[in-house]
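Student: For reference, the structure I am asking about is given below.
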Amino acid sequence: MGLKFKGFGGSGSFPHGVHPPERKNFSGAAVIEVIPSPGQVLLPLLQNVGAPAKTSVKAKSEVKMGDKIADAGGFVSAPLHAPIAGKVGKTGVCTLTNGRHVPAMPIRAEGEQIEGKELWEKIFGGQWPKNADKYSPKEIVDAIQAAGIVGLGGAAFPTHVKYVPNEEKPIDTVLINGCECEPYLTSDYRMMLEVPDPIICGSLLLAKASGAKDVIIGVEDNKPEAVEVLKKAAAGTGIQIAVLPTKYPQGSEKQLILAVTGREVPLGGLPLDVGVAVSNVSTTAAIAGAVVKGNPLTHRVVSVTGAGVQTPKNLLVPFGISIGELIEACGGLTKDATRMVAGGPMMGFAFSDMNSPVTKGTSGITILTHEDLKKEDETSCVRCGRCVDVCPMNLVPTKIAMASRHRDTELAQQYNIMACFECGSCAYICPANLPLVQLVRTGKAEVIAAGKK
Amino acid sequence: MAKEIQIRESAEAPVIHVAPSPHLSHTAQTTRTMMRDVLIALAPVTGMALYVFQAYALRQLAICVIGCLAAEWIFTGMRGRRATLWDFSAAVTGVILALSLPGTAPWYIGVIASFTAIGIGKVIFGGLGMNIFNPAMVGRAFVMIAFAGAMGAAGYQDASSAVDAISQATPMDAFKQGGAIAPLSALFWGNTNGSLGETSAIACLIGGLYLCIRRTASWEIPAGVIGAVVVLGGIANLLNPESQWTVLHHILGGALLFGAFFIATDPVTSPLTPKGKLIFGTGVGALIMLLRIFSGYPEGVMFAVLIMNSITPLINRWTIPRPLGGK
């Protein structure tokens, strides 16, 4: 394609990694649909990394779509806004897809709703400026913070925290993540195809906010159509598109930074430490909406995909809608559906409660069948070293997992257990089918527990 | 009646499981397919052994494979574990053990070596994946010391045998004792005397390359072994230029290639990281040269591998890789 890594500091890829089946074809061609407005939403008060939000409206009060219903619970936190018009109910408890029980506020739909085409126009419609001249950095960051924007790639880290001006660690590069390296998921892909303008506009706003001179959108080379659309939309703005070889986990923050800029984020450090800020393409579109149109974050695109669902779709949905309603909108589960995963199959959480609400971090619902999950029994580790060959963090997963199985936190730390971000490459490749990620998770919990003593 | 209907309904609804991520796994590769790969890679070596040593090879292979499978079945049974014959690891041990023995060894040597290999070499440590030493080499070392006569250089030779190769001395011994130099072509193709699997360099190379391409064996180990032999053999040549036993003889002769590709590469008993594997291979190669040149034995592959096996845990600790972003 000619634009491979000329002008970028990185080699274009990262060492190790795996090639799981991509399976983007289930929902890749499905145009984003707006889901009909639900009769009720249940908004968890913790939808972000950091502190939970604090309710700011009383039960039984009436709210319009976009009204703030909860304040940020601290600096690393985000406010919540009503995604539908209606009446607030009494705060109860809900189960998130990751199994956590958190307080949640119900809103029962009442009165006129903004729906369908009108909703699409409100969120993505209109003109998007191809420069950020009208806004000051402070205005941009304040708008992001007020709109309750968090990373929509799945991590749900409050976005304003990354872009607050920092004299000691200036940002020179804003990286927009359009890799979507998880198999199955296509929500970012559809966003890039259908609404490239707000993505470009948001990218420029982030550059202005952070003072970065370079803005680079990273996209994997299995999405050539998205690359073409973005290139056209970005023409004349100075934004560069980096086409990266498809490899999992290319969309992981540290791997993306390494591939594009050649910089290594120090262990335990942040992208800020190497002068980079990373945001996902969908987040970037939401930022443009917040700054240009004053839209709070109330909706997102979710892929409902996999062989376990009748008609895989990409849906624009309000937060707080139950996952059951999403699956219903896709024609329901197929008979051989066996596992429901919030997120993609490599890092997503399996859940069983259809009433779990969609949150800001829900990038997709992957429904897998018995066929997808076929797996041999666990055998002994023969130390073949395949996990070492694929670990994108250059760890020795089997050693960490065995140390953790024997509850040897000291040995696990010698092997840098805390550097693991649980991408699942090792467990994917393991010929012995060892539950390496699960063991690493329990080991991390023990290390943290030991540190607190 | 109502209850029955309910049951039928729930049987039709999908049953949803939960499990930790990742939810996909690379099913093409399992422990069994890796062991199967090793057996495939051993085919050319086994074929050459059958061609050169005929019935001797067939008999030894049968004894060792059956012996190892029986030992695995008995010992895992004694531990109260499910029999693990179908992971093929015992079969691999059996084939490698047979190929490392002389065809002339009496039947009980194969049996004792098999039981030692599986029992003391593997199961006593906790079975597959837990052993410190290469099981086949543990079995071979035991019979080599216990039956020094049958397993010594003289034991390889039987002047009255109808098989040509067996009526000669092994090339390594002929050189050690009388300074006789085997032609390189004989070492390359394999029509010489020796342990069943070691004589043909070409067969070891074909099988070994297959293993490396399939990533079932790591190329770093044979590269380390051969590299060390080239360097040390080269130095030995330079110090003693009149010797007819050149670096090429060191590489093609004896069990070097068989050991480098099939014995040292046992993943269980070699280090995990690429750097560790290179250190391990280099160590094996260096020890082989040390034993060949300075010890009383003509060959040193077995002891070299066992010694390096013993320091594998240490190598693993020395070569903890630097994580991305780490110091």
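Chain labels A, B, ... are given in the sequence in which chains occur in the structure tokens; within each chain residues are numbered consecutively from 1, and ligands are likewise numbered from 1 in the order shown.
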Select all residues from chain A having any atom no more than 6 Å from an atom of chain B (counting only C-alpha atoms, ignoring ligands), output as JSON, numbers by chain.

Tutor: {"A": [264, 265, 266, 267, 335, 337, 338, 339, 345, 346, 347, 350, 351, 380, 381, 382, 383, 384, 385, 393, 394, 395, 424, 428, 429, 431, 432]}

Student: Just list the residues in stretch 293-386 of chain A DSSP gives helix (DSSP H, G or I) on the backbone, as a list in words.

Tutor: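 Taking stretch 293-386 of chain A and keeping helix (DSSP H, G or I) gives Lys293, Ile323, Gly324, Glu325, Leu326, Ile327, Glu328, Ala329 and Arg386 of chain A.
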
Student: Got time to write the residues from that selection, C-alpha atoms, as a JSON list (two decimals), in the first residue's frame?

Tutor:
```
[["chain", "number", "residue", "atom", "x", "y", "z"],
["A", 293, "LYS", "CA", -22.67, 19.28, 19.51],
["A", 323, "ILE", "CA", -28.35, -7.60, 26.78],
["A", 324, "GLY", "CA", -31.38, -9.84, 26.39],
["A", 325, "GLU", "CA", -33.08, -7.09, 24.38],
["A", 326, "LEU", "CA", -30.06, -6.82, 22.09],
["A", 327, "ILE", "CA", -30.12, -10.55, 21.44],
["A", 328, "GLU", "CA", -33.87, -10.35, 20.89],
["A", 329, "ALA", "CA", -33.30, -7.61, 18.29],
["A", 386, "ARG", "CA", 4.94, -22.00, 22.66]]
```

Student: Applying 12 Å and only C-alpha atoms, which residues near A:Ala242 remain after dropping the ones on its own chain fewer than 6 positions away? List them as a VMD selection string.

Tutor: chain A and resid 1 to 13 175 to 179 214 to 221 223 to 224 226 to 228 230 to 231 256 to 257 259 to 261

Student: For stretch 442-447 of chain A, work out the shell of residues within 7 Å, counting only C-alpha atoms and skipping chain neighbours fewer than 6 positions away, then give it as number ranges by chain.

Tutor: A: 404, 409, 417-418

Student: Write the residues of the selection above to a file with N, CA and C atoms, as a PDB file, in the first residue's frame.

Tutor:
```
ATOM      1  N   SER A 404       1.978 -19.660  40.232  1.00  0.00           N
ATOM      2  CA  SER A 404       0.709 -19.253  40.802  1.00  0.00           C
ATOM      3  C   SER A 404      -0.084 -20.474  41.279  1.00  0.00           C
ATOM      4  N   THR A 409       4.143 -16.668  45.324  1.00  0.00           N
ATOM      5  CA  THR A 409       4.012 -15.307  44.787  1.00  0.00           C
ATOM      6  C   THR A 409       5.382 -14.695  44.483  1.00  0.00           C
ATOM      7  N   ILE A 417       4.895 -11.294  36.866  1.00  0.00           N
ATOM      8  CA  ILE A 417       3.474 -11.611  36.693  1.00  0.00           C
ATOM      9  C   ILE A 417       2.625 -10.368  36.463  1.00  0.00           C
ATOM     10  N   MET A 418       2.975  -9.247  37.124  1.00  0.00           N
ATOM     11  CA  MET A 418       2.115  -8.073  37.038  1.00  0.00           C
ATOM     12  C   MET A 418       2.183  -7.395  35.663  1.00  0.00           C
TER      13      MET A 418
END
```

Student: Which residues are close to B:Phe188, i.e. within 9 Å by only C-alpha atoms, leaving aside same-chain residues fewer than 2 positions away? Reply as a list in words.

Tutor: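 So, after excluding close chain neighbours, the residues are Pro183, Leu184, Ser185, Ala186, Gly190, Asn191, Thr199, Ser200, Ala201, Ile202, Ala203, Leu252 and Gly253 of chain B.
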
Student: Skip stretch 166-168 of chain B itself and residues of its chain fewer than 2 positions away, then list as a list in words all residues within 10 Å of it, counting only C-alpha atoms.

Tutor: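 Neighbouring residues, sequence-local ones excluded: Val52, Phe53, Tyr56, Pro102, Gly103, Thr104, Gly155, Tyr156, Gln157, Asp158, Ala159, Ser160, Ser161, Ala162, Val163, Asp164, Thr170, Pro171, Ala174, Asn191, Thr192, Asn193 and Gly194 of chain B.
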
Student: Of the candidates B:Tyr51, B:Tyr210, B:Phe261, B:Phe133, which shows the shortest atom-to-atom distance to B:Ser310, using only C-alpha atoms?

Tutor: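 Ranking B:Tyr51, B:Tyr210, B:Phe261, B:Phe133 by distance to B:Ser310, first place goes to B:Phe133.
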
Student: Can you tell me, as a PyMOL selection string, what residues are no more than 9 Å from A:Asn48 when counting only C-alpha atoms, ignoring any on the same chain fewer than 6 positions away?

Tutor: chain A and resi 76-78+150-151+155-158+359-361
